[in-house]
$ cat data-v3.tsv   # TSV, C-alpha atoms and all ligand atoms
chain	number	residue	atom	x	y	z
B	1	MET	CA	11.27	49.43	-18.30
B	2	PRO	CA	12.41	46.10	-19.77
B	3	GLY	CA	11.41	45.60	-23.39
B	4	GLU	CA	10.47	49.24	-23.87
B	5	GLU	CA	12.04	52.04	-25.86
B	6	ALA	CA	13.30	55.06	-23.90
B	7	VAL	CA	11.09	58.16	-23.82
B	8	ASP	CA	11.94	61.77	-22.98
B	9	PRO	CA	11.76	62.45	-19.25
B	10	TYR	CA	8.42	63.52	-17.73
B	11	ARG	CA	6.88	63.57	-14.28
B	12	ALA	CA	4.67	60.58	-13.54
B	13	ASP	CA	1.37	61.56	-11.94
B	14	ASN	CA	-2.09	59.99	-11.84
B	15	ALA	CA	-3.38	63.34	-13.13
B	16	ASN	CA	-1.77	62.37	-16.47
B	17	ALA	CA	-4.46	59.68	-16.84
B	18	GLY	CA	-6.86	62.41	-17.97
B	19	ALA	CA	-9.84	61.37	-15.82
B	20	GLN	CA	-10.78	60.93	-12.18
B	21	PRO	CA	-11.27	57.32	-11.11
B	22	PHE	CA	-14.71	55.87	-10.44
B	23	GLU	CA	-15.68	55.53	-6.79
B	24	GLY	CA	-16.16	52.14	-5.19
B	25	ASP	CA	-15.37	48.77	-6.74
B	26	GLY	CA	-18.42	48.38	-9.01
B	27	MET	CA	-16.65	49.29	-12.23
B	28	ALA	CA	-13.54	47.26	-11.43
B	29	ARG	CA	-15.79	44.23	-10.87
B	30	ALA	CA	-17.75	44.88	-14.06
B	31	PHE	CA	-14.44	44.67	-15.93
B	32	GLY	CA	-13.33	41.47	-14.21
B	33	GLY	CA	-10.72	43.09	-11.96
B	34	GLN	CA	-7.12	43.51	-13.02
B	35	GLU	CA	-7.14	40.19	-14.90
B	36	GLY	CA	-10.16	41.18	-16.93
B	37	ILE	CA	-8.73	44.63	-17.62
B	38	ARG	CA	-5.48	43.05	-18.80
B	39	ARG	CA	-7.33	40.79	-21.23
B	40	ILE	CA	-9.35	43.74	-22.55
B	41	VAL	CA	-6.26	45.91	-23.02
B	42	ASP	CA	-4.31	43.12	-24.76
B	43	ASP	CA	-7.22	42.51	-27.14
B	44	PHE	CA	-7.79	46.25	-27.66
B	45	VAL	CA	-4.12	46.87	-28.51
B	46	ALA	CA	-4.08	43.88	-30.88
B	47	ARG	CA	-7.21	45.16	-32.65
B	48	ASN	CA	-5.72	48.64	-33.07
B	49	PHE	CA	-2.41	47.40	-34.48
B	50	ALA	CA	-4.22	45.03	-36.89
B	51	ASP	CA	-6.85	47.61	-37.89
B	52	PRO	CA	-7.06	48.31	-41.64
B	53	VAL	CA	-8.02	51.96	-41.00
B	54	ILE	CA	-5.94	53.11	-38.01
B	55	GLY	CA	-3.29	50.36	-37.85
B	56	ASP	CA	-0.83	52.58	-39.72
B	57	ILE	CA	-0.95	55.16	-36.92
B	58	PHE	CA	0.15	52.52	-34.42
B	59	ALA	CA	2.82	50.90	-36.60
B	60	ASN	CA	6.36	51.74	-35.43
B	61	HIS	CA	5.18	52.77	-31.96
B	62	ASP	CA	6.26	50.92	-28.84
B	63	ARG	CA	3.60	48.26	-28.37
B	64	VAL	CA	5.09	46.97	-25.11
B	65	ARG	CA	4.98	50.41	-23.50
B	66	LEU	CA	1.52	51.20	-24.89
B	67	THR	CA	0.14	47.94	-23.51
B	68	ARG	CA	1.62	48.65	-20.08
B	69	THR	CA	0.54	52.29	-19.84
B	70	LEU	CA	-2.97	51.63	-21.23
B	71	PHE	CA	-3.43	48.88	-18.68
B	72	GLU	CA	-2.35	51.25	-15.90
B	73	GLN	CA	-4.62	54.01	-17.20
B	74	PHE	CA	-7.71	51.78	-17.48
B	75	CYS	CA	-6.97	50.12	-14.12
B	76	PHE	CA	-6.54	53.52	-12.43
B	77	ILE	CA	-9.72	55.01	-13.91
B	78	LEU	CA	-11.74	51.88	-13.12
B	79	ASN	CA	-10.46	52.09	-9.53
B	80	ALA	CA	-9.01	48.59	-9.75
B	81	GLY	CA	-5.89	49.39	-7.72
B	82	CYS	CA	-3.24	50.85	-10.06
B	83	ASP	CA	-1.32	54.07	-10.50
B	84	TYR	CA	-0.83	55.55	-13.96
B	85	THR	CA	2.81	56.24	-14.80
B	86	GLY	CA	2.44	57.25	-18.49
B	87	ARG	CA	2.43	60.64	-20.15
B	88	ASP	CA	-0.59	62.93	-20.33
B	89	MET	CA	-2.96	62.55	-23.29
B	90	ARG	CA	-1.87	65.73	-25.06
B	91	ALA	CA	1.84	64.82	-24.94
B	92	SER	CA	1.14	61.17	-25.86
B	93	HIS	CA	-0.69	62.07	-29.06
B	94	LYS	CA	1.15	65.21	-30.13
B	95	ASP	CA	1.79	65.59	-33.87
B	96	MET	CA	0.21	62.21	-34.60
B	97	GLY	CA	-2.46	63.73	-36.82
B	98	VAL	CA	-5.31	61.77	-35.22
B	99	GLN	CA	-8.70	62.72	-36.69
B	100	GLN	CA	-12.21	62.27	-35.27
B	101	ALA	CA	-12.81	59.31	-37.60
B	102	ASP	CA	-9.70	57.62	-36.13
B	103	MET	CA	-11.03	58.22	-32.63
B	104	ASN	CA	-14.40	56.69	-33.59
B	105	ARG	CA	-12.61	53.66	-34.96
B	106	LEU	CA	-10.56	53.25	-31.79
B	107	VAL	CA	-13.74	53.43	-29.70
B	108	GLU	CA	-15.28	50.68	-31.86
B	109	ASN	CA	-12.23	48.50	-31.18
B	110	LEU	CA	-12.53	49.17	-27.47
B	111	GLN	CA	-16.24	48.29	-27.54
B	112	ALA	CA	-15.42	45.02	-29.30
B	113	ALA	CA	-12.75	44.19	-26.70
B	114	MET	CA	-15.11	44.98	-23.81
B	115	ARG	CA	-17.93	42.97	-25.42
B	116	ALA	CA	-15.60	39.97	-25.89
B	117	GLN	CA	-14.89	40.15	-22.15
B	118	LYS	CA	-18.63	40.30	-21.40
B	119	VAL	CA	-18.56	43.74	-19.77
B	120	SER	CA	-22.18	44.89	-19.39
B	121	PHE	CA	-23.41	47.48	-21.86
B	122	ALA	CA	-24.07	49.94	-19.00
B	123	ALA	CA	-20.52	49.60	-17.65
B	124	GLN	CA	-19.08	49.94	-21.18
B	125	ASN	CA	-20.93	53.20	-21.64
B	126	ARG	CA	-19.92	54.58	-18.26
B	127	PHE	CA	-16.28	53.92	-19.10
B	128	LEU	CA	-16.56	55.41	-22.60
B	129	ALA	CA	-18.12	58.53	-21.09
B	130	LYS	CA	-14.99	58.96	-18.94
B	131	LEU	CA	-12.74	58.70	-21.99
B	132	ALA	CA	-14.83	60.91	-24.28
B	133	PRO	CA	-13.53	64.29	-23.02
B	134	MET	CA	-9.95	63.18	-23.81
B	135	ARG	CA	-10.90	63.66	-27.42
B	136	ARG	CA	-9.86	67.31	-27.26
B	137	ASP	CA	-6.30	66.31	-26.27
B	138	VAL	CA	-6.03	63.47	-28.79
B	139	VAL	CA	-7.75	64.67	-31.97
B	140	GLU	CA	-6.07	67.33	-34.11
B	141	ARG	CA	-8.08	69.77	-36.21
X	1	LIG	C1	-9.65	58.43	-25.36
X	1	LIG	C2	-8.86	57.96	-26.31
X	1	LIG	C3	-7.42	57.52	-26.06
X	1	LIG	C4	-6.79	57.14	-24.91
X	1	LIG	C5	-7.39	57.02	-23.53
X	1	LIG	C6	-5.41	56.84	-25.26
X	1	LIG	C7	-4.43	56.42	-24.36
X	1	LIG	C8	-3.08	56.35	-24.65
X	1	LIG	C9	-2.03	56.08	-23.71
X	1	LIG	C10	-2.22	55.80	-22.23
X	1	LIG	C11	-0.85	56.12	-24.36
X	1	LIG	C12	0.57	55.86	-23.81
X	1	LIG	C13	1.20	57.10	-23.14
X	1	LIG	C14	2.66	56.91	-22.85
X	1	LIG	O1	3.34	56.19	-23.58
X	1	LIG	O2	3.16	57.53	-21.89
X	1	LIG	C15	-1.17	56.38	-25.75
X	1	LIG	C16	-0.24	56.44	-26.77
X	1	LIG	C17	-0.58	56.32	-28.11
X	1	LIG	N1	-1.83	56.46	-28.65
X	1	LIG	FE1	-3.52	56.79	-27.62
X	1	LIG	N2	-5.25	57.03	-26.60
X	1	LIG	C18	-6.45	57.46	-27.14
X	1	LIG	C19	-6.70	57.73	-28.45
X	1	LIG	C20	-5.86	57.39	-29.50
X	1	LIG	C21	-6.23	57.38	-30.90
X	1	LIG	C22	-7.59	57.78	-31.46
X	1	LIG	C23	-5.12	56.94	-31.58
X	1	LIG	C24	-4.96	56.70	-33.06
X	1	LIG	C25	-5.93	56.24	-33.83
X	1	LIG	C26	-4.06	56.70	-30.61
X	1	LIG	C27	-2.79	56.27	-30.91
X	1	LIG	C28	-1.76	56.21	-30.00
X	1	LIG	C29	-0.37	55.88	-30.35
X	1	LIG	C30	0.15	55.52	-31.73
X	1	LIG	C31	0.37	55.96	-29.16
X	1	LIG	C32	1.88	55.70	-28.97
X	1	LIG	C33	2.62	57.01	-28.80
X	1	LIG	C34	4.15	56.83	-28.70
X	1	LIG	O3	4.68	55.78	-29.06
X	1	LIG	O4	4.83	57.79	-28.26
X	1	LIG	N3	-4.56	56.97	-29.37
X	1	LIG	N4	-2.53	56.51	-25.90
$ encode --input "data-v3.tsv" --output "structure tokens" --more "lines below"
Ligand code: HEM
Amino acid sequence: MPGEEAVDPYRADNANAGAQPFEGDGMARAFGGQEGIRRIVDDFVARNFADPVIGDIFANHDRVRLTRTLFEQFCFILNAGCDYTGRDMRASHKDMGVQQADMNRLVENLQAAMRAQKVSFAAQNRFLAKLAPMRRDVVER
């Protein structure tokens, strides 16, 4: 992909997204469609890279690729018309040393990005509930 660093080969599959998509178009609409999702992801990525607590974990990682794959993942899960082509959550976060406190911080940044985009509180919580089980593939103990 243009502007991205090469990664080791893997098989692209929507199953790598780590969650089944919502049914219907209610969630996609609550997030403002693909345009809204893009704004949320851009803001979310910016908040994570600038974060005083977890920013160091993101430094030196491919921001262009992360922005693209996160957009695809959110868009797929929200049933807004995308396929996810990134790696699975375990492979993506392997040996990164992410702790539960880091995960909590990331969720706060996502909440702030969703709030800024005026996603309803109910829709925010439905989406966060989809992401929550990924914790076991992301957080190391
Ligand atoms: C439910 C929670 C999370 C989701 C849904 C998620 C999603 C993703 C996705 C889609 C990718 C890109 C995969 C690819 O490149 O193929 C990724 C990579 C990454 N994630 Fe997460 N993530 C989560 C939690 C976290 C946390 C808590 C941290 C650190 C505080 C983190 C840090 C990173 C970093 C640094 C990368 C880049 C990896 C690389 O360059 O190879 N993630 N994540």
$ closest_residue --input "data-v3.tsv" --among "B:Phe58, B:Phe71, B:Phe127, B:Phe49" --to "ligand LIG 1 (chain X)" --atoms "all atoms listed in the file"
B:Phe58
$ closest_residue --input "data-v3.tsv" --among "B:Leu128, B:Cys82, B:Leu70, B:Ala30" --to "ligand LIG 1 (chain X)" --atoms "only C-alpha atoms and all ligand atoms"
B:Leu70
$ residues_around --input "data-v3.tsv" --residues "Arg87 in chain B" --least-positions-apart "2" --cutoff "8 Å" --atoms "all atoms listed in the file" --output "short mmCIF file (atom, residue, chain, number, x, y, z; two decimals) with C-alpha atoms, in the frame of the given file"
data_model
loop_
_atom_site.label_atom_id
_atom_site.label_comp_id
_atom_site.auth_asym_id
_atom_site.auth_seq_id
_atom_site.Cartn_x
_atom_site.Cartn_y
_atom_site.Cartn_z
CA TYR B 10 8.42 63.52 -17.73
CA ARG B 11 6.88 63.57 -14.28
CA ALA B 12 4.67 60.58 -13.54
CA ASN B 16 -1.77 62.37 -16.47
CA ALA B 17 -4.46 59.68 -16.84
CA THR B 85 2.81 56.24 -14.80
CA MET B 89 -2.96 62.55 -23.29
CA ALA B 91 1.84 64.82 -24.94
CA SER B 92 1.14 61.17 -25.86
#
$ residues_near_point --input "data-v3.tsv" --point "(-2.0, 50.4, -17.4)" --cutoff "9 Å" --atoms "only C-alpha atoms" --output "PyMOL selection string"
chain B and resi 37-38+41+66-76+82-86
$ closest_residue --input "data-v3.tsv" --among "B:Met96, B:Ala6, B:Ala46, B:Met27" --to "Asn125 in chain B" --atoms "only C-alpha atoms"
B:Met27
$ closest_residue --input "data-v3.tsv" --among "B:Arg105, B:Arg29, B:Arg136, B:Arg39" --to "Arg90 in chain B" --atoms "only C-alpha atoms"
B:Arg136
$ closest_residue --input "data-v3.tsv" --among "B:Asp13, B:Asp25, B:Glu5, B:Asp102" --to "ligand LIG 1 (chain X)" --atoms "only C-alpha atoms and all ligand atoms"
B:Asp102
$ atom_distance --input "data-v3.tsv" --atom1 "CA of Ser120 in chain B" --atom2 "atom C18 of ligand LIG 1 (chain X)"
21.6 Å
$ axis_aligned_box --input "data-v3.tsv" --around "ligand LIG 1 (chain X)" --padding-each-side "5 Å" --output "AutoDock Vina command-line options"
--center_x -2.4 --center_y 57.0 --center_z -27.9 --size_x 24.5 --size_y 12.9 --size_z 21.9
$ atom_distance --input "data-v3.tsv" --atom1 "CA of Val107 in chain B" --atom2 "atom O1 of ligand LIG 1 (chain X)"
18.4 Å
$ closest_residue --input "data-v3.tsv" --among "B:Val7, B:Pro52, B:Phe44, B:Ile77" --to "Gly24 in chain B" --atoms "only C-alpha atoms"
B:Ile77
$ residues_near_point --input "data-v3.tsv" --point "(-12.3, 48.3, -29.1)" --cutoff "12 Å" --atoms "all atoms listed in the file" --output "number ranges by chain"
B: 39-51, 54, 102-117, 124, 128
$ atom_distance --input "data-v3.tsv" --atom1 "atom O4 of ligand LIG 1 (chain X)" --atom2 "CA of Gly81 in chain B"
24.6 Å
$ decode --input "data-v3.tsv" --residues "range 9-75 of chain B" --atoms "C-alpha atoms" --output "mmCIF file, in the first residue's frame"
data_model
loop_
_atom_site.group_PDB
_atom_site.id
_atom_site.type_symbol
_atom_site.label_atom_id
_atom_site.label_comp_id
_atom_site.auth_asym_id
_atom_site.auth_seq_id
_atom_site.Cartn_x
_atom_site.Cartn_y
_atom_site.Cartn_z
ATOM 1 C CA PRO B 9 2.720 -11.889 4.692
ATOM 2 C CA TYR B 10 -0.631 -12.979 6.175
ATOM 3 C CA ARG B 11 -4.017 -13.991 4.840
ATOM 4 C CA ALA B 12 -6.551 -11.172 4.763
ATOM 5 C CA ASP B 13 -9.937 -12.218 6.145
ATOM 6 C CA ASN B 14 -12.807 -10.349 7.794
ATOM 7 C CA ALA B 15 -12.493 -12.869 10.634
ATOM 8 C CA ASN B 16 -9.248 -11.044 11.545
ATOM 9 C CA ALA B 17 -11.382 -8.074 12.647
ATOM 10 C CA GLY B 18 -12.094 -9.932 15.887
ATOM 11 C CA ALA B 19 -15.857 -9.311 16.010
ATOM 12 C CA GLN B 20 -18.972 -10.014 13.981
ATOM 13 C CA PRO B 21 -20.513 -6.940 12.355
ATOM 14 C CA PHE B 22 -23.727 -5.380 13.643
ATOM 15 C CA GLU B 23 -26.856 -6.168 11.668
ATOM 16 C CA GLY B 24 -28.705 -3.491 9.747
ATOM 17 C CA ASP B 25 -27.558 0.078 9.165
ATOM 18 C CA GLY B 26 -28.429 1.590 12.564
ATOM 19 C CA MET B 27 -24.894 1.606 13.924
ATOM 20 C CA ALA B 28 -23.350 2.836 10.676
ATOM 21 C CA ARG B 29 -25.800 5.755 10.743
ATOM 22 C CA ALA B 30 -25.117 6.472 14.407
ATOM 23 C CA PHE B 31 -21.450 6.886 13.471
ATOM 24 C CA GLY B 32 -22.161 9.145 10.506
ATOM 25 C CA GLY B 33 -21.444 6.551 7.809
ATOM 26 C CA GLN B 34 -17.994 6.057 6.344
ATOM 27 C CA GLU B 35 -17.235 9.791 6.528
ATOM 28 C CA GLY B 36 -18.060 9.932 10.207
ATOM 29 C CA ILE B 37 -16.081 6.767 10.910
ATOM 30 C CA ARG B 38 -13.085 8.232 9.077
ATOM 31 C CA ARG B 39 -13.202 11.396 11.178
ATOM 32 C CA ILE B 40 -13.473 9.349 14.379
ATOM 33 C CA VAL B 41 -10.553 7.093 13.419
ATOM 34 C CA ASP B 42 -8.335 10.030 12.409
ATOM 35 C CA ASP B 43 -9.069 11.772 15.718
ATOM 36 C CA PHE B 44 -8.656 8.529 17.702
ATOM 37 C CA VAL B 45 -5.269 7.776 16.102
ATOM 38 C CA ALA B 46 -4.107 11.354 16.696
ATOM 39 C CA ARG B 47 -5.133 11.155 20.366
ATOM 40 C CA ASN B 48 -3.280 7.861 20.851
ATOM 41 C CA PHE B 49 -0.048 9.083 19.251
ATOM 42 C CA ALA B 50 -0.163 12.329 21.275
ATOM 43 C CA ASP B 51 -1.145 10.595 24.527
ATOM 44 C CA PRO B 52 1.216 11.231 27.463
ATOM 45 C CA VAL B 53 0.570 7.738 28.869
ATOM 46 C CA ILE B 54 0.343 5.385 25.863
ATOM 47 C CA GLY B 55 1.865 7.567 23.116
ATOM 48 C CA ASP B 56 5.220 5.818 23.538
ATOM 49 C CA ILE B 57 3.658 2.476 22.569
ATOM 50 C CA PHE B 58 2.508 3.964 19.264
ATOM 51 C CA ALA B 59 5.713 5.871 18.471
ATOM 52 C CA ASN B 60 7.722 4.246 15.660
ATOM 53 C CA HIS B 61 4.726 2.261 14.407
ATOM 54 C CA ASP B 62 3.270 2.796 10.946
ATOM 55 C CA ARG B 63 0.621 5.458 11.465
ATOM 56 C CA VAL B 64 -0.546 5.370 7.842
ATOM 57 C CA ARG B 65 -1.214 1.630 7.964
ATOM 58 C CA LEU B 66 -2.810 1.799 11.422
ATOM 59 C CA THR B 67 -5.171 4.552 10.284
ATOM 60 C CA ARG B 68 -6.190 2.547 7.220
ATOM 61 C CA THR B 69 -6.673 -0.798 8.975
ATOM 62 C CA LEU B 70 -8.485 0.730 11.980
ATOM 63 C CA PHE B 71 -10.855 2.496 9.611
ATOM 64 C CA GLU B 72 -11.524 -0.790 7.810
ATOM 65 C CA GLN B 73 -12.025 -2.644 11.096
ATOM 66 C CA PHE B 74 -14.455 -0.080 12.541
ATOM 67 C CA CYS B 75 -16.297 0.245 9.216
#
